[in-house]
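This report concerns only the one structure given below.
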Amino acid sequence: MDPIELTRALCRIDSTTGHETSVAAHLADLLDGAGWQVTRQPVQHGRFNVYAHRGAPALVFSTHLDTVPPFLPLHEDESHLYGRGVCDAKGIAAAMVAAAARLADAGERRIGLLFVVGEENGSDGATAAGSLAPKGHILVNGEPTENRLTVGQKGSLRVDLSATGRAAHSAYPAEGRSAIEPLLDTLDAIRRLPLPTDPVLGPSTMNIGLIQGGVAPNVIPPHASAQILFRTVEPTGPLKAAVRACARPGVTVDAAVELPFVKGALAPAGWETTTVSYASDLGLLSAWGEGFQLGPGTIKVAHTDDERIAKRELLDGVDLYVRLAQDLLAREDA
C-alpha cells in the first residue's frame, strides 16, 4: 500500500464538508477489496462513515475525510504534495491505511480503521460513530501534529450573539434603538472576562471572529450579530454562565456548538509528547477508549491556499503509526 499514491487518489476527489460521499466510497471499496470487513455507516444526505476491521479491534486509527472549502486541485514537486486535504487529513488517512496494512502483513489483526465525515463543520460523523461496534480500547486520532504524539488538546466553544433593535432615520435616533451598541457593550464585557489556565493545556483563549449588523450609516441598526470562539481547557459551565451574564438588554446568547478538551492519555515508554491548541473529533470519540493524536503535516498550513505535506514526512508517519500501535498493543498485552 503506497501512502503517497493513495494520498494522490483521495485528494483528486472533492470532499468539502457535505460532499464526502465519493471519497468515502473510494476508500470503502479499496478496503473491501483488501479483505477488510467494511461498514458504511449512514450519517446524513447520502454521506457515510467508513469503519473497517479484520476482527475485534483493540486499537482503532481514525481521522476525517472532509475538508474545508474551497477545493484546491492536487499538484506536486519532487519533495511535497500540495492541495486541499494533503495534510488535513487525507494524507493522514492514507498513512493510516498503509500502517494498518503493514501491521496486518505482520499478523496483527487487532487494528480498526474509522474514517468519519463532517469534522470541519459540526462533527456529525464523529457523533454518529458512537453507535458503531465493535469498538477498541485505544483510539489514535489523526490530525497534522508534525508527527509528534499528543496526549491532550484544547476544546472549543462557539458563542453566537444576536442583538435586536428598531430601525429609524439616523437624524432622529430617539425614534429607533440601536442593535449594534448593546452588542458592542456585550463584546467589551466578554473581552474583560478572566479565562482559566491549565498546567497541561495552557491558557484558554478567545477570538471574536465575526461581526455583522446594520443596514446603512444613515439608519439606526435594527439587527447585529457576532460569533466568538473560545479555546477551552476546563469544563465550560462557568464560562457559559459568565458570558450570559455579560449580555446587555436586547442581546441573546447561544453557546450550543462545543468540542470537549482532552487530556490524561498515558504515552508508552520512549515517546516524547506534546499538546495542541486546536480541537478535533478526538473529544467526541471517548467511547472508543484512551485517546491519542498523531499525524504528519502541520496545522499551520491546513485550511490555507498553500496546504502541503512533505512526502518524506508522510512516509515517516506510516512508520510512527506502526510503532505506536505495536507499543500500545504490547502494553495492552502486558
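Letters for chains follow the order of the C-alpha cells (A, B, ...), residue numbers begin at 1 for each chain, and ligand numbers begin at 1 in the order shown.
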Could you pull the residues within 12 Å of Ile220 (chain A), counting only C-alpha atoms, minus those fewer than 6 positions along the same chain, as an MDAnalysis selection string? chainID A and resid 164:181 213:214
Could you write out the selected residues, including C-alpha atoms, as a compact mmCIF listing (two decimals), in the first residue's frame?
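Output file part-v7.txt follows:
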```
# COMPACT_ATOMS: atom_id res chain seq x y z
CA THR A 164 -32.26 43.29 18.02
CA GLY A 165 -33.17 46.98 17.85
CA ARG A 166 -35.58 49.22 15.97
CA ALA A 167 -34.77 50.97 12.70
CA ALA A 168 -35.15 54.73 12.38
CA HIS A 169 -33.67 57.64 10.46
CA SER A 170 -30.27 58.43 11.95
CA ALA A 171 -31.20 62.12 12.15
CA TYR A 172 -33.79 61.14 14.77
CA PRO A 173 -32.05 58.48 16.90
CA ALA A 174 -34.68 58.74 19.63
CA GLU A 175 -37.15 57.15 17.22
CA GLY A 176 -35.12 53.94 17.00
CA ARG A 177 -33.00 51.63 19.08
CA SER A 178 -29.55 50.55 18.00
CA ALA A 179 -28.76 46.83 17.95
CA ILE A 180 -25.05 47.45 17.44
CA GLU A 181 -24.43 49.44 20.61
CA GLY A 213 -25.04 44.31 11.55
CA GLY A 214 -26.83 47.36 10.36
```
Neighbour list for region 309-326 of chain A as a tab-separated table (two decimals) with N, CA and C atoms, in the first residue's frame, cut-off 10 Å, only C-alpha atoms, skip fewer than 4 positions in-chain:
```tsv
chain	number	residue	atom	x	y	z
A	2	ASP	N	0.85	2.01	-1.07
A	2	ASP	CA	1.69	3.20	-1.21
A	2	ASP	C	0.93	4.41	-0.67
A	3	PRO	N	1.35	4.98	0.47
A	3	PRO	CA	0.59	6.09	1.05
A	3	PRO	C	0.62	7.35	0.20
A	4	ILE	N	1.69	7.55	-0.56
A	4	ILE	CA	1.75	8.75	-1.40
A	4	ILE	C	0.77	8.63	-2.56
A	7	THR	N	-2.72	9.03	-1.19
A	7	THR	CA	-2.99	10.44	-0.93
A	7	THR	C	-3.36	11.16	-2.23
A	58	ALA	N	-8.53	-3.94	18.99
A	58	ALA	CA	-8.08	-3.37	20.26
A	58	ALA	C	-7.70	-1.91	20.08
A	59	LEU	N	-7.19	-1.57	18.91
A	59	LEU	CA	-6.75	-0.20	18.62
A	59	LEU	C	-7.36	0.23	17.29
A	60	VAL	N	-7.88	1.44	17.27
A	60	VAL	CA	-8.51	1.98	16.06
A	60	VAL	C	-7.80	3.27	15.66
A	61	PHE	N	-7.37	3.31	14.39
A	61	PHE	CA	-6.89	4.55	13.79
A	61	PHE	C	-8.10	5.29	13.22
A	76	GLU	N	2.17	18.64	-7.31
A	76	GLU	CA	3.31	18.20	-6.52
A	76	GLU	C	4.61	18.59	-7.17
A	77	ASP	N	5.66	18.56	-6.35
A	77	ASP	CA	7.02	18.65	-6.86
A	77	ASP	C	7.79	17.46	-6.31
A	78	GLU	N	9.09	17.49	-6.40
A	78	GLU	CA	9.87	16.33	-6.01
A	78	GLU	C	9.71	16.00	-4.53
A	79	SER	N	9.52	17.00	-3.69
A	79	SER	CA	9.52	16.77	-2.24
A	79	SER	C	8.16	16.87	-1.57
A	80	HIS	N	7.20	17.57	-2.17
A	80	HIS	CA	5.94	17.86	-1.49
A	80	HIS	C	4.73	17.56	-2.37
A	81	LEU	N	3.61	17.25	-1.69
A	81	LEU	CA	2.28	17.25	-2.29
A	81	LEU	C	1.57	18.52	-1.85
A	82	TYR	N	0.79	19.11	-2.76
A	82	TYR	CA	0.06	20.34	-2.48
A	82	TYR	C	-1.41	20.12	-2.86
A	83	GLY	N	-2.29	20.80	-2.12
A	83	GLY	CA	-3.71	20.73	-2.46
A	83	GLY	C	-4.55	20.51	-1.23
A	85	GLY	N	-6.49	18.99	1.53
A	85	GLY	CA	-6.57	17.69	2.18
A	85	GLY	C	-5.27	16.93	2.27
A	86	VAL	N	-4.19	17.42	1.65
A	86	VAL	CA	-2.97	16.62	1.66
A	86	VAL	C	-2.45	16.41	3.08
A	87	CYS	N	-2.66	17.41	3.96
A	87	CYS	CA	-2.28	17.20	5.36
A	87	CYS	C	-3.48	17.18	6.29
A	88	ASP	N	-4.63	17.68	5.86
A	88	ASP	CA	-5.78	17.77	6.75
A	88	ASP	C	-7.04	17.31	6.02
A	91	GLY	N	-4.04	12.84	3.55
A	91	GLY	CA	-2.72	12.22	3.65
A	91	GLY	C	-2.59	11.39	4.90
A	92	ILE	N	-3.17	11.87	5.99
A	92	ILE	CA	-3.17	11.11	7.24
A	92	ILE	C	-3.96	9.83	7.09
A	94	ALA	N	-4.40	8.14	4.38
A	94	ALA	CA	-3.59	7.24	3.57
A	94	ALA	C	-2.48	6.60	4.40
A	95	ALA	N	-1.84	7.39	5.27
A	95	ALA	CA	-0.79	6.85	6.12
A	95	ALA	C	-1.34	5.81	7.08
A	96	MET	N	-2.55	6.03	7.59
A	96	MET	CA	-3.16	5.06	8.49
A	96	MET	C	-3.49	3.75	7.77
A	97	VAL	N	-4.00	3.84	6.55
A	97	VAL	CA	-4.30	2.63	5.78
A	97	VAL	C	-3.02	1.85	5.52
A	98	ALA	N	-1.94	2.57	5.15
A	98	ALA	CA	-0.67	1.90	4.88
A	98	ALA	C	-0.11	1.25	6.14
A	99	ALA	N	-0.23	1.94	7.28
A	99	ALA	CA	0.25	1.37	8.53
A	99	ALA	C	-0.55	0.14	8.92
A	100	ALA	N	-1.87	0.21	8.77
A	100	ALA	CA	-2.71	-0.93	9.12
A	100	ALA	C	-2.41	-2.12	8.22
A	101	ALA	N	-2.12	-1.86	6.93
A	101	ALA	CA	-1.78	-2.95	6.01
A	101	ALA	C	-0.46	-3.60	6.41
A	102	ARG	N	0.51	-2.78	6.81
A	102	ARG	CA	1.79	-3.33	7.24
A	102	ARG	C	1.63	-4.17	8.50
A	103	LEU	N	0.83	-3.70	9.43
A	103	LEU	CA	0.59	-4.45	10.66
A	103	LEU	C	-0.14	-5.77	10.35
A	108	GLU	N	-0.82	-8.84	12.72
A	108	GLU	CA	-1.60	-8.12	13.74
A	108	GLU	C	-2.99	-7.83	13.19
A	110	ARG	N	-5.67	-6.93	15.25
A	110	ARG	CA	-6.46	-6.20	16.24
A	110	ARG	C	-6.53	-4.71	15.93
A	111	ILE	N	-6.45	-4.35	14.66
A	111	ILE	CA	-6.45	-2.95	14.24
A	111	ILE	C	-7.77	-2.64	13.53
A	138	ILE	N	-8.32	1.55	22.52
A	138	ILE	CA	-7.38	2.65	22.26
A	138	ILE	C	-7.76	3.28	20.94
A	139	LEU	N	-7.74	4.61	20.88
A	139	LEU	CA	-8.01	5.31	19.64
A	139	LEU	C	-6.86	6.26	19.33
A	140	VAL	N	-6.34	6.18	18.12
A	140	VAL	CA	-5.32	7.11	17.64
A	140	VAL	C	-5.97	7.99	16.59
A	142	GLY	N	-6.13	11.08	13.92
A	142	GLY	CA	-5.18	11.69	13.00
A	142	GLY	C	-5.46	13.14	12.75
A	144	PRO	N	-2.80	16.84	11.78
A	144	PRO	CA	-1.41	17.19	11.47
A	144	PRO	C	-0.66	17.73	12.68
A	146	GLU	N	2.71	17.33	13.14
A	146	GLU	CA	4.14	17.32	12.80
A	146	GLU	C	4.80	16.03	13.28
A	147	ASN	N	4.01	14.95	13.26
A	147	ASN	CA	4.47	13.62	13.67
A	147	ASN	C	4.92	13.58	15.13
A	148	ARG	N	4.32	14.42	15.94
A	148	ARG	CA	4.58	14.40	17.38
A	148	ARG	C	3.35	13.83	18.08
A	149	LEU	N	3.58	12.96	19.03
A	149	LEU	CA	2.48	12.32	19.74
A	149	LEU	C	1.87	13.30	20.73
A	267	ALA	N	1.29	8.03	27.55
A	267	ALA	CA	2.08	7.58	26.41
A	267	ALA	C	2.93	6.38	26.79
A	268	PRO	N	3.19	5.48	25.84
A	268	PRO	CA	4.09	4.37	26.12
A	268	PRO	C	5.51	4.87	26.31
A	271	TRP	N	8.34	7.63	24.18
A	271	TRP	CA	7.69	8.62	23.31
A	271	TRP	C	7.70	10.00	23.96
A	292	PHE	N	-5.28	9.15	21.77
A	292	PHE	CA	-4.04	9.82	21.40
A	292	PHE	C	-4.26	10.54	20.07
A	294	LEU	N	-1.92	11.86	16.54
A	294	LEU	CA	-0.63	11.82	15.86
A	294	LEU	C	-0.87	11.92	14.36
A	295	GLY	N	-0.01	12.65	13.67
A	295	GLY	CA	-0.14	12.70	12.22
A	295	GLY	C	0.94	13.54	11.58
A	296	PRO	N	1.30	13.19	10.34
A	296	PRO	CA	2.24	14.01	9.58
A	296	PRO	C	1.60	15.31	9.12
A	297	GLY	N	2.45	16.29	8.81
A	297	GLY	CA	1.96	17.59	8.37
A	297	GLY	C	1.84	18.56	9.53
A	298	THR	N	1.64	19.81	9.19
A	298	THR	CA	1.50	20.85	10.21
A	298	THR	C	0.17	21.57	10.07
A	301	VAL	N	-0.37	25.07	7.98
A	301	VAL	CA	-0.72	25.26	6.57
A	301	VAL	C	-2.08	24.66	6.22
A	302	ALA	N	-2.69	23.93	7.15
A	302	ALA	CA	-4.04	23.42	6.93
A	302	ALA	C	-5.00	24.60	6.78
A	330	ALA	N	1.42	-3.82	22.85
A	330	ALA	CA	2.30	-4.55	23.76
A	330	ALA	C	1.99	-4.20	25.21
A	331	ARG	N	1.73	-2.93	25.46
A	331	ARG	CA	1.35	-2.53	26.82
A	331	ARG	C	0.01	-3.13	27.19
A	332	GLU	N	-0.91	-3.19	26.24
A	332	GLU	CA	-2.21	-3.82	26.50
A	332	GLU	C	-2.04	-5.28	26.85
```
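The closest residue to Thr275 (chain A), picked from A:Ala334, A:Val151, A:Leu210, A:Ala241 and counting only C-alpha atoms, is A:Val151.
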So that I can check the secondary structure, give me every residue of region 51-223 of chain A assigned strand (DSSP E or B) by backbone DSSP, as an NGL selection string. :A and (51-53 or 59-64 or 67 or 75-76 or 80-82 or 111-116 or 138-141 or 145 or 149-153 or 155-164 or 166 or 169 or 177 or 197-198 or 202-203 or 205-213 or 219 or 223)
Quick one: everything within 8 Å of Thr63 (chain A), counting only C-alpha atoms, minus sequence neighbours fewer than 5 positions away in the same chain. Send it as a PyMOL selection string. chain A and resi 89+92-93+114-116+141-143
Could the residues in this selection be saved with N, CA and C atoms as a PDB file, in the first residue's frame?
```pdb
ATOM      1  N   ALA A  89      -7.324  15.962   5.998  1.00  0.00           N
ATOM      2  CA  ALA A  89      -6.497  14.954   6.640  1.00  0.00           C
ATOM      3  C   ALA A  89      -6.418  13.713   5.749  1.00  0.00           C
ATOM      4  N   ILE A  92      -3.172  11.865   5.989  1.00  0.00           N
ATOM      5  CA  ILE A  92      -3.167  11.114   7.236  1.00  0.00           C
ATOM      6  C   ILE A  92      -3.962   9.826   7.087  1.00  0.00           C
ATOM      7  N   ALA A  93      -5.125   9.894   6.446  1.00  0.00           N
ATOM      8  CA  ALA A  93      -5.918   8.685   6.206  1.00  0.00           C
ATOM      9  C   ALA A  93      -5.109   7.666   5.409  1.00  0.00           C
ATOM     10  N   LEU A 114     -11.275   3.871  11.217  1.00  0.00           N
ATOM     11  CA  LEU A 114     -12.519   4.635  11.266  1.00  0.00           C
ATOM     12  C   LEU A 114     -12.301   5.967  10.569  1.00  0.00           C
ATOM     13  N   PHE A 115     -13.018   6.177   9.485  1.00  0.00           N
ATOM     14  CA  PHE A 115     -12.914   7.423   8.736  1.00  0.00           C
ATOM     15  C   PHE A 115     -14.283   8.102   8.730  1.00  0.00           C
ATOM     16  N   VAL A 116     -14.331   9.319   9.282  1.00  0.00           N
ATOM     17  CA  VAL A 116     -15.605   9.990   9.517  1.00  0.00           C
ATOM     18  C   VAL A 116     -15.759  11.206   8.618  1.00  0.00           C
ATOM     19  N   ASN A 141      -6.218   9.238  16.943  1.00  0.00           N
ATOM     20  CA  ASN A 141      -6.861  10.171  16.023  1.00  0.00           C
ATOM     21  C   ASN A 141      -5.804  10.859  15.174  1.00  0.00           C
ATOM     22  N   GLY A 142      -6.125  11.078  13.919  1.00  0.00           N
ATOM     23  CA  GLY A 142      -5.184  11.685  13.001  1.00  0.00           C
ATOM     24  C   GLY A 142      -5.459  13.144  12.747  1.00  0.00           C
ATOM     25  N   GLU A 143      -4.535  13.977  13.131  1.00  0.00           N
ATOM     26  CA  GLU A 143      -4.509  15.393  12.787  1.00  0.00           C
ATOM     27  C   GLU A 143      -3.050  15.754  12.507  1.00  0.00           C
TER      28      GLU A 143
END
```
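Of the listed residues (A:Ser280, A:Thr205, A:Thr39, A:Ser162), A:Thr205 comes nearest to Arg231 (chain A); the distances count only C-alpha atoms.
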Separation of CA of Cys11 (chain A) from CA of Gln153 (chain A) in Å: 26.6 Å
Measuring between only C-alpha atoms, which one of A:Lys300, A:Arg192, A:Arg84, A:Arg158 shows the shortest distance to Lys240 (chain A)? A:Arg158
Skip Val159 (chain A) itself and residues of its chain fewer than 3 positions away, then list as a ChimeraX atom specification all residues within 12 Å of it, counting only C-alpha atoms. /A:156,162,187,190,206-210,225-231,236,239-244,247,252-258
What separation in Å, quoted to one decimal, exists between CA of Asp124 (chain A) and CA of Gly291 (chain A)?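 These atoms are spaced 18.9 Å apart.
Using only C-alpha atoms, the shortest contact distance between Gly55 (chain A) and any of A:Thr232, A:Pro70, A:Thr16, A:Lys135 is found at A:Lys135.
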I need the helix (DSSP H, G or I) residues of region 84-146 of chain A per DSSP on the backbone, written as a compact mmCIF listing (two decimals) with N, CA and C atoms, in the first residue's frame.
```txt
# COMPACT_ATOMS: atom_id res chain seq x y z
N LYS A 90 -6.48 13.89 4.40
CA LYS A 90 -6.49 12.72 3.53
C LYS A 90 -5.12 12.04 3.49
N GLY A 91 -4.04 12.84 3.55
CA GLY A 91 -2.72 12.22 3.65
C GLY A 91 -2.59 11.39 4.90
N ILE A 92 -3.17 11.87 5.99
CA ILE A 92 -3.17 11.11 7.24
C ILE A 92 -3.96 9.83 7.09
N ALA A 93 -5.12 9.89 6.45
CA ALA A 93 -5.92 8.69 6.21
C ALA A 93 -5.11 7.67 5.41
N ALA A 94 -4.40 8.14 4.38
CA ALA A 94 -3.59 7.24 3.57
C ALA A 94 -2.48 6.60 4.40
N ALA A 95 -1.84 7.39 5.27
CA ALA A 95 -0.79 6.85 6.12
C ALA A 95 -1.34 5.81 7.08
N MET A 96 -2.55 6.03 7.59
CA MET A 96 -3.16 5.06 8.49
C MET A 96 -3.49 3.75 7.77
N VAL A 97 -4.00 3.84 6.55
CA VAL A 97 -4.30 2.63 5.78
C VAL A 97 -3.02 1.85 5.52
N ALA A 98 -1.94 2.57 5.15
CA ALA A 98 -0.67 1.90 4.88
C ALA A 98 -0.11 1.25 6.14
N ALA A 99 -0.23 1.94 7.28
CA ALA A 99 0.25 1.37 8.53
C ALA A 99 -0.55 0.14 8.92
N ALA A 100 -1.87 0.21 8.77
CA ALA A 100 -2.71 -0.93 9.12
C ALA A 100 -2.41 -2.12 8.22
N ALA A 101 -2.12 -1.86 6.93
CA ALA A 101 -1.78 -2.95 6.01
C ALA A 101 -0.46 -3.60 6.41
N ARG A 102 0.51 -2.78 6.81
CA ARG A 102 1.79 -3.33 7.24
C ARG A 102 1.63 -4.17 8.50
N LEU A 103 0.83 -3.70 9.43
CA LEU A 103 0.59 -4.45 10.66
C LEU A 103 -0.14 -5.77 10.35
N ALA A 104 -1.10 -5.72 9.44
CA ALA A 104 -1.82 -6.94 9.07
C ALA A 104 -0.87 -7.95 8.41
N ASP A 105 0.04 -7.45 7.56
CA ASP A 105 1.01 -8.35 6.93
C ASP A 105 1.90 -9.02 7.95
N ASP A 124 -20.80 15.76 12.68
CA ASP A 124 -21.91 14.81 12.72
C ASP A 124 -21.42 13.38 12.50
N GLY A 125 -20.32 13.19 11.77
CA GLY A 125 -19.79 11.84 11.58
C GLY A 125 -19.27 11.25 12.87
N ALA A 126 -18.50 12.02 13.63
CA ALA A 126 -17.97 11.52 14.90
C ALA A 126 -19.10 11.23 15.88
N THR A 127 -20.12 12.05 15.88
CA THR A 127 -21.26 11.81 16.76
C THR A 127 -21.95 10.50 16.40
N ALA A 128 -22.16 10.27 15.10
CA ALA A 128 -22.80 9.02 14.67
C ALA A 128 -21.95 7.81 14.97
N ALA A 129 -20.63 7.96 14.94
CA ALA A 129 -19.73 6.82 15.12
C ALA A 129 -19.84 6.19 16.50
```
